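Peer 1: Have a look at this one.
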There are 4 protein chains.
Amino acid sequence: MISLKRKVAILGATGAVGQRFIQLLQGHPWFEIEVLAASERSAQKKYRKACNWILESEMPQNIGETRVVDTSVQSVENAAKVDLIFSSLPADIAGPVEEEFAKKYPVFSKASVHRLEEDVPLLIPEVNPDHLALIPIQKRERGWNGFISTDPNCSTIQLVMTLKPLMTFGLKEVVVSTMQALSGAGYPGVASLDIVDNLIPYISKEEEKIETEPLKILGTFDGNRVRQANVTISASCNRVAVKDGHTESVFVKLEGKPTIEEVKEAFGNFNGEPQALRLPSAPEKPIVVREEANRPQPRYDRNEGNGMSVVVGRMRKDPLMTLKYTCLGHNTIRGAAGAAILSAELMTAKGYV
Amino acid sequence: MISLKRKVAILGATGAVGQRFIQLLQGHPWFEIEVLAASERSAQKKYRKACNWILESEMPQNIGETRVVDTSVQSVENAAKVDLIFSSLPADIAGPVEEEFAKKYPVFSKASVHRLEEDVPLLIPEVNPDHLALIPIQKRERGWNGFISTDPNCSTIQLVMTLKPLMTFGLKEVVVSTMQALSGAGYPGVASLDIVDNLIPYISKEEEKIETEPLKILGTFDGNRVRQANVTISASCNRVAVKDGHTESVFVKLEGKPTIEEVKEAFGNFNGEPQALRLPSAPEKPIVVREEANRPQPRYDRNEGNGMSVVVGRMRKDPLMTLKYTCLGHNTIRGAAGAAILSAELMTAKGYV
Amino acid sequence: MISLKRKVAILGATGAVGQRFIQLLQGHPWFEIEVLAASERSAQKKYRKACNWILESEMPQNIGETRVVDTSVQSVENAAKVDLIFSSLPADIAGPVEEEFAKKYPVFSKASVHRLEEDVPLLIPEVNPDHLALIPIQKRERGWNGFISTDPNCSTIQLVMTLKPLMTFGLKEVVVSTMQALSGAGYPGVASLDIVDNLIPYISKEEEKIETEPLKILGTFDGNRVRQANVTISASCNRVAVKDGHTESVFVKLEGKPTIEEVKEAFGNFNGEPQALRLPSAPEKPIVVREEANRPQPRYDRNEGNGMSVVVGRMRKDPLMTLKYTCLGHNTIRGAAGAAILSAELMTAKGYV
Amino acid sequence: MISLKRKVAILGATGAVGQRFIQLLQGHPWFEIEVLAASERSAQKKYRKACNWILESEMPQNIGETRVVDTSVQSVENAAKVDLIFSSLPADIAGPVEEEFAKKYPVFSKASVHRLEEDVPLLIPEVNPDHLALIPIQKRERGWNGFISTDPNCSTIQLVMTLKPLMTFGLKEVVVSTMQALSGAGYPGVASLDIVDNLIPYISKEEEKIETEPLKILGTFDGNRVRQANVTISASCNRVAVKDGHTESVFVKLEGKPTIEEVKEAFGNFNGEPQALRLPSAPEKPIVVREEANRPQPRYDRNEGNGMSVVVGRMRKDPLMTLKYTCLGHNTIRGAAGAAILSAELMTAKGYV
């Protein structure tokens with residue numbers, strides 16, 4: 001039987017996010033992995049040898065036997081014919097590599113380098129699917145047959161998913177303090193000696209991302225480009241001894257004065273095109289509201305909706321701003337590989353891929 | 001040789017804070033422990049048997065052999081003549097017990113129950129020593145020979161020590177998100193199963209304390225009572241897998257626009273009566289400023305100034321408020337037993353004891 | 001449709017093992033939960049209120065609404081008609097309660113109290129199903145309509161499952177050093193302050209159990225009773241900061257001199273009646289052999305076979321004994337609730353229930 | 001005033017053990033640091049820039065300003081005149097570098113490469129100071145003005161210190177299972193993602209070391225060389241989530257049948273030349289015996305004797321061997337930098353340096 005699935009190449013396949021791509025694409029109804037690409041150091045090796053697999057589920061047998069190629073277009077094309085590209089390349093090398101692929105292929109990128117470019121969507125499928133209108137502009141302006149679509153930073157995605165339903169109440173200001181998981185730093189990432197009985201109140205470049213990316217995501221497409229949302233964000237980012245799942249203490253100022261019940265309803269009823277289109281990776285509920293005083297907690301809530309839901313709790317009046325709450329998301333699923341896959345699903349459903 | 005040291009009784013001597021009192025009072029030049037009092041369950045037992053000692057330093061030999069008494073005035077007096085009382089009783093029983101002692105003795109209380117009473121000082125010796133003027137009012141109004149002086153909640157103390165020097169810049173608003181250590185919950189406190197690969201975004205009654213206590217501490221004594229400072233605080237409190245040392249992400253709005261250098265100077269030069277009087281437990285620098293991008297960190301900084309200094313770092317402009325920074329303090333030393341001892345030292349030096 | 005499932009009561013339903021019973025019995029093809037019994041403190045409350053649920057999967061909705069009863073036969077019978085009893089009562093109260101139920105019902109007990117009684121099977125279904133011949137003796141001697149069947153201690157089960165296939169090589173001596181998970185101590189169990197940046201080289205009564213229980217389990221039923229196996233075991237038991245999954249360093253002296261390959265084959269091919277009978281909870285492979293130098297590891301291997309497989313690795317020649325290896329099992333599944341359920345399945349299949 | 005202290009160069013100064021050397025040599029009465037040498041990557045940089053300092057105590061100010069040199073003899077000599085060398089170079093490069101220095105200088109090496117060479121002492125100062133008789137043989141045979149003295153592996157040192165007093169009871173066999181600290185793997189060493197809620201039952205080459213090194217250390221110098229002790233050792237080595245302090249479950253077979261009291265006395269009374277000579281780093285008691293059922297524990301006991309004592313507990317009869325117990329030592333102090341310093345002190349006192 002001929003498979004009608006789209007063929008996928010993963011750039012950066014041996015890293016922590018690359019592994020999640022592989023895990024999440026097992027048995028995917030629309031996509032199948034054809035090519036695993038990584039740095040020169042890994043190229044030519046079997047994936048099993050090239051990769052330090054850090055997921056609890058077993059490395060799929062056939063993946064382990066696949067020979068890794070380098071990240072050039074030619075090497076990928078020599079390996080197999082592919083339809084689209086997932087990239088979790090490191091920020092410092094992603095730029096030109098992704099652009100080279102985008103000349104011919106749809107590229108779904110987790111790297112930060114292209115996120116803020118004016119003709120590149122910074123997409124959360126439930127939040128700003130209308131920004132996909134940038135794609136034809138990008139293709140035209142750059143003369144590409146393919147394109148680049150980017151996903152926001154992990155700590156941004158879960159925050160913005162909770163901010164979007166608050167826009168109806170007149171969102172103006174956000175203060176957020178994060179407690180981010182170890183897997184967010186990749187592998188080997190944070191040394192155990194740095195985090196035992198400790199935390200680190202700093203993550204390089206994280207605050208800049210969480211303070212700027214939401215303004216674009218929540219912004220309005222005016223027919224030509226995205227006008228930034230009129231929201232101001234201040235962040236303080238911390239690393240804690242949790243394997244997966246970022247937790248964020250959020251304080252927001254709203255123009256309106258919704259009751260806590262209204263806020264819960266706005267969170268609980270929030271959904272978007274992924275749910276309407278029943279995309280394969282779309283969680284039934286993008287935001288899950290917990291009523292317990294001490295939730296969400298990473299170990300209990302990070303796998304909600306197969307890791308694609310954001311869990312919120314502790315919604316309460318703020319004595320200074322308007323509202324405060326805690327949100328939690330799985331940083332390598334909804335915050336990384338799952339985000340890119342959902343983006344690709346949306347764009348496939350809409351005919352971009 | 002006759003000891004001229006003040007004789008001390010510790011109420012709640014077997015708990016986590018009680019143990020810190022014992023540790024910190026070893027070899028103290030002014031105070032010596034005479035009586036260890038605890039609940040009925042511990043009374044009559046040798047301290048060694050009554051206590052699950054959780055400090056890394058050894059339980060002092062003579063303390064281990066001391067027989068614990070119950071927390072009634074009579075039992076304490078039967079055990080020995082004492083001059084002052086340190087209380088780390090649980091909040092739910094501290095109220096009447098401390099009042100009974102205060103009729104005759106100076107009581108230095110870590111319990112929350114009396115903190116907000118109008119004639120009771122809520123003291124941080126470097127911050128509001130002028131509030132000791134409440135003591136004669138309290139004694140007169142209540143007809144007591146002794147008195148009650150209280151110390152703030154652990155997460156409050158370190159925050160307020162950093163807010164005080166910001167008052168000169170016109171402090172108006174504070175948002176704070178805490179990452180608090182396990183020892184803050186006492187012993188056995190947090191179950192290991194609750195915190196392995198996890199955090200808990202909730203600490204019962206903690207946010208209420210950190211939002212209200214600073215207003216009194218930073219308030220002005222008007223000759224009769226303390227008028228609350230005109231500051232608004234919003235807090236979100238979290239428990240993390242760190243043994244000792246609370247870390248706080250702080251965002252403040254100031255009327256003035258100090259440069260970061262001016263803020264660092266204000267922090268670094270901050271000191272008060274404990275330093276001027278060279279009190280035995282006073283740290284040379286109440287606030288230690290770290291310049292590294294990733295400090296303060298609990299494991300490295302909690303013992304600064306023998307656990308009596310607060311360490312600040314990451315001072316930076318805030319895009320929304322005025323300033324943001326991270327502060328860290330040892331929650332069972334500066335945040336608990338050390339706080340009470342420093343208060344007792346100040347009041348001894350000033351003739352209240 | 002009439003359910004033909006056996007109706008189950010769980011004694012000790014609110015504890016850590018009780019919760020695993022509930023989780024593992026969801027959708028079980030043969031058993032369904034009818035009654036949740038626990039201490040007086042919990043009785044009359046809805047399970048949701050009585051229980052601090054510590055599993056990552058959600059508490060089943062209908063279980064949460066079930067009203068807990070006390071652990072008397074009468075209270076259980078008033079609540080519903082049941083066919084068999086799972087007991088995870090604390091050791092100090094299990095004795096008489098389980099006996100009372102055993103007069104009428106099959107009782108599957110995780111408590112230690114009856115394990116070494118001469119007419120009570122200490123069962124691992126893959127290892128000693130022939131010991132079920134004790135059941136008719138027990139019923140006759142005690143005049144009971146029901147019976148008590150016991151499961152070994154968690155650290156014993158996984159060890160003995162690996163010792164059984166070594167019996168063919170003439171097993172004589174065993175030295176074992178354990179690194180046991182926090183969940184083995186129940187909830188709240190180990191205080192976080194006791195285990196952060198630490199381990200505890202002692203578990204009360206654990207070494208006695210692991211040194212004696214295997215002798216009975218590996219023993220021979222002679223028609224009347226079980227004759228102990230001629231094996232000597234020495235154990236040293238340690239608690240480490242791992243949530244689930246006991247790891248054991250095992251050193252064994254054998255009369256034979258099998259090659260490492262022969263040992264791997266013996267482990268890998270090991271199976272028993274649960275596999276032959278395709279019992280619902282039987283893992284396909286009771287022992288899974290890992291070839292990697294650094295496996296098994298708790299976080300990666302504890303859920304092998306839905307937590308019912310024991311994972312072994314590092315099989316190597318021993319310079320002093322004959323063989324050494326590392327084994328790992330999920331202590332609250334194969335080591336507790338899953339063990340009892342598999343025992344009940346075996347005895348149901350064989351007509352005892 | 002002219003300093004009469006011996007001038008020291010540290011090879012591998014930026015690593016985890018190198019940092020301990022620096023920390024432990026602060027204010028040392030006999031030695032002072034003159035040269036810090038490390039890899040080409042660090043050379044020419046100020047130590048503060050070259051080193052990721054991971055100790056809780058602050059990096060000494062003057063050390064931070066010292067410029068690191070590469071590890072060639074010439075570079076060290078260009079930097080300053082030195083009297084002796086401490087080496088914590090990685091095993092793969094230590095060999096030729098240490099030999100080059102040994103032509104002219106006493107070299108105290110923590111690397112494994114020279115440990116088992118016939119004319120090189122493998123020294124624990126309390127255990128085998130008579131092996132220093134190898135030094136003149138080594139110098140003569142190799143034609144060196146200097147020499148190499150080595151310290152055993154961290155897990156070996158603490159084990160052998162407890163085995164030595166058991167030699168009088170006829171020590172024959174040892175089974176040991178270790179639970180080793182993260183700092184034993186250096187920095188960055190173990191990735192946090194590998195150890196959160198986990199342990200690793202494997203440490204590369206560790207078992208080989210702990211099974212062979214003690215035979216030499218406990219061996220007898222026969223006038224020409226060391227004859228291995230007639231003891232057989234089997235080890236299983238595990239990494240656990242503890243920052244510092246290796247814990248070992250030890251099982252020993254003795255020819256004699258000492259009572260537990262006699263064993264405790266043998267442990268508690270054990271001492272050697274470092275104590276007799278009152279060497280600056282010698283702990284008063286090389287072995288500290290704890291009577292509590294649940295000690296030693298790393299967080300409580302690793303700093304005993306300033307990290308130079310080994311702590312033993314849980315001495316009990318073994319049902320299979322003769323005796324079992326738990327021992328614990330600070331792996332980067334007694335197990336590494338402190339070991340080399342104590343060796344240098346002994347050899348200085350005896351005129352070798």
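Simple scheme: letters A, B, ... for chains in structure tokens order, numbers from 1 for residues in each chain, numbers from 1 for ligands in the order shown.
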Extract, using only C-alpha atoms, all DNA, RNA and protein residues at most 7 Å from Ala181 (chain A), discarding same-chain residues fewer than 6 positions from it, and format them as number ranges by chain.

Peer 2: A: 239-246

Peer 1: Need the shell around region 139-148 of chain C: protein/DNA/RNA residues with any atom at most 7 Å away, counting only C-alpha atoms. Skip same-chain ones fewer than 4 positions apart. Format as a list in words?

Peer 2: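 Close residues of region 139-148 of chain C: Ala102, Lys103, Lys104, Tyr105, Pro106, Val107, Phe108, Ser109, Val120 and Ile135 of chain C.
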
Peer 1: With chain C as the partner and 7 Å as the cut-off, tabulate the residues of chain B that qualify, each row holding the nearest pair of atoms and their distance in Å to one decimal, using only C-alpha atoms, sorted by chain and rising number, as CSV.

Peer 2:
```
residue,atom,partner,partner_atom,distance
B:Leu182,CA,C:Leu193,CA,6.6
B:Ser183,CA,C:Leu193,CA,6.8
B:Pro188,CA,C:Ala191,CA,5.1
B:Gly189,CA,C:Ala191,CA,6.7
B:Val190,CA,C:Ser192,CA,5.8
B:Ala191,CA,C:Ala191,CA,4.7
B:Ser192,CA,C:Ser192,CA,3.9
B:Leu193,CA,C:Lys243,CA,6.4
B:Val196,CA,C:Lys243,CA,6.7
B:Lys243,CA,C:Leu193,CA,6.4
```

Peer 1: If you run DSSP on this backbone, which residues of region 58-223 of chain C come out as alpha helix (DSSP H), and could you give them as a PyMOL selection string?

Peer 2: chain C and resi 61-65+73-79+91-102+134-142+154-163+192-195+206-217

Peer 1: Mind pulling up the distance from CA of Leu279 (chain D) to CA of Ser88 (chain D)?

Peer 2: 21.8 Å

Peer 1: Name all residues at most 9 Å from region 23-29 of chain D (count only C-alpha atoms; drop same-chain ones fewer than 2 positions away) and give them as a PyMOL selection string.

Peer 2: chain D and resi 5+18-21+31-33+55+57-60+280-281+333+337-338+341

Peer 1: Within 8 Å of Asp119 (chain D), counting only C-alpha atoms, which residues show up once you throw out same-chain ones fewer than 6 positions away? Write them as an MDAnalysis selection string, please.

Peer 2: chainID D and resid 134:135 137:138 225

Peer 1: What is the CA of Ile10 (chain A) to CA of Ser309 (chain A) distance in Å?

Peer 2: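 Separation of CA of Ile10 (chain A) and CA of Ser309 (chain A): 23.7 Å.
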
Peer 1: At what distance in Å, to one decimal, does CA of Gly268 (chain B) lie from CA of Phe251 (chain B)?

Peer 2: 18.5 Å

Peer 1: Need the shell around Ile233 (chain B): protein/DNA/RNA residues with any atom at most 6 Å away, counting only C-alpha atoms. Skip same-chain ones fewer than 5 positions apart. Format as a list of chain:residue names?

Peer 2: B:Glu173, B:Val174, B:Val175, B:Glu211

Peer 1: List the spatial neighbours of Ser112 (chain B) as an MDAnalysis selection string - criterion: any atom at most 9 Å away, only C-alpha atoms, same-chain residues fewer than 3 positions off excluded.

Peer 2: chainID B and resid 90:91 94:95 109 115:116 150:153 209

Peer 1: With all heavy atoms retained, write the just-selected residues as a PDB file, in the first residue's frame.

Peer 2:
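Saved as result.pdb:
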```pdb
ATOM      1  N   PRO B  90       4.191  26.508  67.482  1.00  0.00           N
ATOM      2  CA  PRO B  90       3.282  26.544  66.332  1.00  0.00           C
ATOM      3  C   PRO B  90       2.235  27.640  66.518  1.00  0.00           C
ATOM      4  O   PRO B  90       1.827  27.938  67.645  1.00  0.00           O
ATOM      5  CB  PRO B  90       2.632  25.152  66.357  1.00  0.00           C
ATOM      6  CG  PRO B  90       3.532  24.298  67.164  1.00  0.00           C
ATOM      7  CD  PRO B  90       4.213  25.199  68.147  1.00  0.00           C
ATOM      8  N   ALA B  91       1.817  28.203  65.393  1.00  0.00           N
ATOM      9  CA  ALA B  91       0.896  29.336  65.420  1.00  0.00           C
ATOM     10  C   ALA B  91      -0.370  29.033  66.213  1.00  0.00           C
ATOM     11  O   ALA B  91      -0.895  29.900  66.914  1.00  0.00           O
ATOM     12  CB  ALA B  91       0.527  29.739  63.986  1.00  0.00           C
ATOM     13  N   ALA B  94       0.612  29.173  70.072  1.00  0.00           N
ATOM     14  CA  ALA B  94       1.520  30.189  70.592  1.00  0.00           C
ATOM     15  C   ALA B  94       0.777  31.298  71.340  1.00  0.00           C
ATOM     16  O   ALA B  94       1.291  31.844  72.329  1.00  0.00           O
ATOM     17  CB  ALA B  94       2.329  30.795  69.447  1.00  0.00           C
ATOM     18  N   GLY B  95      -0.408  31.651  70.892  1.00  0.00           N
ATOM     19  CA  GLY B  95      -1.098  32.829  71.400  1.00  0.00           C
ATOM     20  C   GLY B  95      -1.160  32.915  72.921  1.00  0.00           C
ATOM     21  O   GLY B  95      -0.471  33.737  73.529  1.00  0.00           O
ATOM     22  N   SER B 109       9.161  36.253  69.801  1.00  0.00           N
ATOM     23  CA  SER B 109       8.297  35.236  69.191  1.00  0.00           C
ATOM     24  C   SER B 109       8.449  35.164  67.678  1.00  0.00           C
ATOM     25  O   SER B 109       8.431  36.171  66.986  1.00  0.00           O
ATOM     26  CB  SER B 109       6.837  35.549  69.520  1.00  0.00           C
ATOM     27  OG  SER B 109       5.985  34.746  68.720  1.00  0.00           O
ATOM     28  N   ARG B 115       1.775  39.126  65.554  1.00  0.00           N
ATOM     29  CA  ARG B 115       2.545  40.060  64.727  1.00  0.00           C
ATOM     30  C   ARG B 115       1.836  41.349  64.379  1.00  0.00           C
ATOM     31  O   ARG B 115       2.446  42.401  64.302  1.00  0.00           O
ATOM     32  CB  ARG B 115       2.959  39.362  63.409  1.00  0.00           C
ATOM     33  CG  ARG B 115       4.120  38.425  63.558  1.00  0.00           C
ATOM     34  CD  ARG B 115       4.459  37.803  62.195  1.00  0.00           C
ATOM     35  NE  ARG B 115       5.357  36.664  62.394  1.00  0.00           N
ATOM     36  CZ  ARG B 115       5.466  35.639  61.555  1.00  0.00           C
ATOM     37  NH1 ARG B 115       4.709  35.607  60.466  1.00  0.00           N
ATOM     38  NH2 ARG B 115       6.291  34.663  61.793  1.00  0.00           N
ATOM     39  N   LEU B 116       0.531  41.232  64.113  1.00  0.00           N
ATOM     40  CA  LEU B 116      -0.172  42.407  63.599  1.00  0.00           C
ATOM     41  C   LEU B 116      -0.933  43.153  64.691  1.00  0.00           C
ATOM     42  O   LEU B 116      -1.677  44.098  64.393  1.00  0.00           O
ATOM     43  CB  LEU B 116      -1.098  41.987  62.452  1.00  0.00           C
ATOM     44  CG  LEU B 116      -0.371  41.362  61.252  1.00  0.00           C
ATOM     45  CD1 LEU B 116      -1.344  41.077  60.128  1.00  0.00           C
ATOM     46  CD2 LEU B 116       0.769  42.250  60.764  1.00  0.00           C
ATOM     47  N   THR B 150       7.796  40.548  68.197  1.00  0.00           N
ATOM     48  CA  THR B 150       7.674  39.492  67.172  1.00  0.00           C
ATOM     49  C   THR B 150       8.617  39.749  66.007  1.00  0.00           C
ATOM     50  O   THR B 150       9.011  40.884  65.735  1.00  0.00           O
ATOM     51  CB  THR B 150       6.232  39.424  66.628  1.00  0.00           C
ATOM     52  OG1 THR B 150       5.921  40.651  65.975  1.00  0.00           O
ATOM     53  CG2 THR B 150       5.234  39.148  67.726  1.00  0.00           C
ATOM     54  N   ASP B 151       8.957  38.660  65.352  1.00  0.00           N
ATOM     55  CA  ASP B 151       9.738  38.728  64.122  1.00  0.00           C
ATOM     56  C   ASP B 151       8.825  38.371  62.958  1.00  0.00           C
ATOM     57  O   ASP B 151       7.933  37.534  63.098  1.00  0.00           O
ATOM     58  CB  ASP B 151      10.892  37.739  64.179  1.00  0.00           C
ATOM     59  CG  ASP B 151      11.757  38.008  65.384  1.00  0.00           C
ATOM     60  OD1 ASP B 151      12.339  39.096  65.476  1.00  0.00           O
ATOM     61  OD2 ASP B 151      11.818  37.122  66.269  1.00  0.00           O
ATOM     62  N   PRO B 152       9.079  38.956  61.803  1.00  0.00           N
ATOM     63  CA  PRO B 152       8.201  38.679  60.653  1.00  0.00           C
ATOM     64  C   PRO B 152       8.401  37.254  60.129  1.00  0.00           C
ATOM     65  O   PRO B 152       9.307  36.526  60.530  1.00  0.00           O
ATOM     66  CB  PRO B 152       8.647  39.705  59.606  1.00  0.00           C
ATOM     67  CG  PRO B 152       9.416  40.743  60.366  1.00  0.00           C
ATOM     68  CD  PRO B 152      10.042  40.011  61.516  1.00  0.00           C
ATOM     69  N   ASN B 153       7.533  36.904  59.223  1.00  0.00           N
ATOM     70  CA  ASN B 153       7.636  35.647  58.492  1.00  0.00           C
ATOM     71  C   ASN B 153       8.965  35.604  57.714  1.00  0.00           C
ATOM     72  O   ASN B 153       9.486  36.639  57.288  1.00  0.00           O
ATOM     73  CB  ASN B 153       6.461  35.574  57.511  1.00  0.00           C
ATOM     74  CG  ASN B 153       6.322  34.216  56.896  1.00  0.00           C
ATOM     75  OD1 ASN B 153       6.442  33.218  57.589  1.00  0.00           O
ATOM     76  ND2 ASN B 153       6.091  34.167  55.590  1.00  0.00           N
ATOM     77  N   LYS B 209       0.811  36.808  54.455  1.00  0.00           N
ATOM     78  CA  LYS B 209       1.824  37.387  55.356  1.00  0.00           C
ATOM     79  C   LYS B 209       2.748  38.343  54.617  1.00  0.00           C
ATOM     80  O   LYS B 209       3.046  39.438  55.081  1.00  0.00           O
ATOM     81  CB  LYS B 209       2.639  36.259  55.995  1.00  0.00           C
ATOM     82  CG  LYS B 209       1.842  35.414  56.979  1.00  0.00           C
ATOM     83  CD  LYS B 209       2.674  34.225  57.455  1.00  0.00           C
ATOM     84  CE  LYS B 209       1.806  33.253  58.258  1.00  0.00           C
ATOM     85  NZ  LYS B 209       2.501  31.957  58.470  1.00  0.00           N
TER      86      LYS B 209
END
```

Peer 1: Within 9 Å of region 157-161 of chain C, counting only C-alpha atoms, which residues qualify if same-chain residues fewer than 5 places away don't, as a compact mmCIF listing (two decimals) with N, CA, C and O atoms, in the first residue's frame?

Peer 2:
```txt
# COMPACT_ATOMS: atom_id res chain seq x y z
N ILE C 124 4.88 -15.72 44.78
CA ILE C 124 5.19 -14.98 43.55
C ILE C 124 4.73 -15.89 42.42
O ILE C 124 5.30 -16.96 42.22
N GLU C 126 5.00 -16.41 39.33
CA GLU C 126 5.93 -17.05 38.41
C GLU C 126 6.88 -18.03 39.11
O GLU C 126 7.54 -18.83 38.45
N VAL C 127 7.02 -17.90 40.42
CA VAL C 127 8.10 -18.60 41.12
C VAL C 127 7.60 -19.85 41.85
O VAL C 127 8.18 -20.93 41.72
N ASP C 151 1.82 -11.77 49.77
CA ASP C 151 2.87 -11.41 48.81
C ASP C 151 4.10 -10.98 49.59
O ASP C 151 3.99 -10.37 50.65
N PRO C 152 5.26 -11.24 49.05
CA PRO C 152 6.49 -10.87 49.77
C PRO C 152 6.68 -9.36 49.81
O PRO C 152 5.98 -8.60 49.15
N VAL C 176 23.21 -8.90 48.81
CA VAL C 176 22.45 -7.89 48.08
C VAL C 176 22.49 -6.57 48.84
O VAL C 176 22.32 -6.52 50.05
N ILE C 210 14.25 -9.44 53.64
CA ILE C 210 14.89 -9.87 52.40
C ILE C 210 15.83 -11.05 52.65
O ILE C 210 16.16 -11.80 51.73
N PRO C 214 12.91 -15.03 51.01
CA PRO C 214 13.25 -15.83 49.83
C PRO C 214 13.43 -17.32 50.15
O PRO C 214 13.17 -18.18 49.29
N ILE C 217 10.03 -18.75 49.84
CA ILE C 217 9.50 -18.69 48.48
C ILE C 217 10.20 -19.70 47.56
O ILE C 217 9.56 -20.37 46.74
N LEU C 218 11.51 -19.80 47.73
CA LEU C 218 12.28 -20.73 46.90
C LEU C 218 12.26 -22.15 47.45
O LEU C 218 12.88 -23.07 46.87
N HIS C 246 12.94 0.15 42.97
CA HIS C 246 14.07 -0.29 43.80
C HIS C 246 15.15 -0.86 42.88
O HIS C 246 14.87 -1.63 41.97
N GLU C 248 18.85 -3.03 42.96
CA GLU C 248 19.60 -3.90 43.86
C GLU C 248 20.89 -4.39 43.18
O GLU C 248 20.86 -4.90 42.07
N VAL C 250 23.39 -7.20 43.21
CA VAL C 250 23.29 -8.58 43.67
C VAL C 250 24.57 -9.34 43.34
O VAL C 250 25.12 -9.20 42.24
N PHE C 270 13.01 -16.94 31.36
CA PHE C 270 12.23 -17.26 32.55
C PHE C 270 10.77 -16.86 32.37
O PHE C 270 10.45 -15.76 31.97
N PRO C 286 8.69 -11.81 32.40
CA PRO C 286 8.85 -11.46 33.82
C PRO C 286 10.21 -10.81 34.08
O PRO C 286 10.32 -9.94 34.94
N ILE C 287 11.23 -11.22 33.33
CA ILE C 287 12.55 -10.60 33.47
C ILE C 287 12.96 -10.07 32.10
O ILE C 287 12.97 -10.80 31.12
N SER C 309 7.40 -6.22 35.08
CA SER C 309 8.64 -6.92 34.76
C SER C 309 9.75 -6.48 35.71
O SER C 309 9.77 -5.33 36.17
N VAL C 310 10.67 -7.38 35.97
CA VAL C 310 11.91 -7.02 36.64
C VAL C 310 12.96 -6.86 35.54
O VAL C 310 13.02 -7.67 34.61
N VAL C 311 13.76 -5.80 35.66
CA VAL C 311 14.77 -5.54 34.65
C VAL C 311 16.14 -5.83 35.24
O VAL C 311 16.47 -5.36 36.33
N CYS C 327 19.50 -5.58 39.54
CA CYS C 327 18.10 -5.77 39.15
C CYS C 327 17.26 -4.60 39.64
O CYS C 327 17.62 -3.91 40.61
N LEU C 328 16.16 -4.39 38.98
CA LEU C 328 15.29 -3.24 39.27
C LEU C 328 13.84 -3.63 39.07
O LEU C 328 13.50 -4.30 38.08
N GLY C 329 12.99 -3.20 39.99
CA GLY C 329 11.57 -3.47 39.84
C GLY C 329 10.76 -2.30 40.38
O GLY C 329 11.23 -1.52 41.22
N HIS C 330 9.55 -2.18 39.88
CA HIS C 330 8.67 -1.11 40.36
C HIS C 330 8.10 -1.56 41.70
O HIS C 330 7.28 -2.47 41.76
N ASN C 331 8.47 -0.85 42.75
CA ASN C 331 8.16 -1.32 44.09
C ASN C 331 6.69 -1.23 44.48
O ASN C 331 6.25 -2.00 45.32
N ARG C 334 4.94 -4.17 40.69
CA ARG C 334 5.35 -5.56 40.90
C ARG C 334 5.67 -5.82 42.39
O ARG C 334 5.50 -6.93 42.87
N GLY C 335 6.10 -4.80 43.10
CA GLY C 335 6.48 -5.01 44.50
C GLY C 335 5.33 -4.89 45.47
O GLY C 335 5.51 -5.15 46.67
N ALA C 336 4.13 -4.55 45.01
CA ALA C 336 3.04 -4.37 45.97
C ALA C 336 1.68 -4.65 45.32
O ALA C 336 1.28 -5.81 45.23
N ALA C 339 1.54 -7.16 42.52
CA ALA C 339 1.83 -8.52 42.99
C ALA C 339 0.57 -9.18 43.53
O ALA C 339 0.28 -10.35 43.22
```
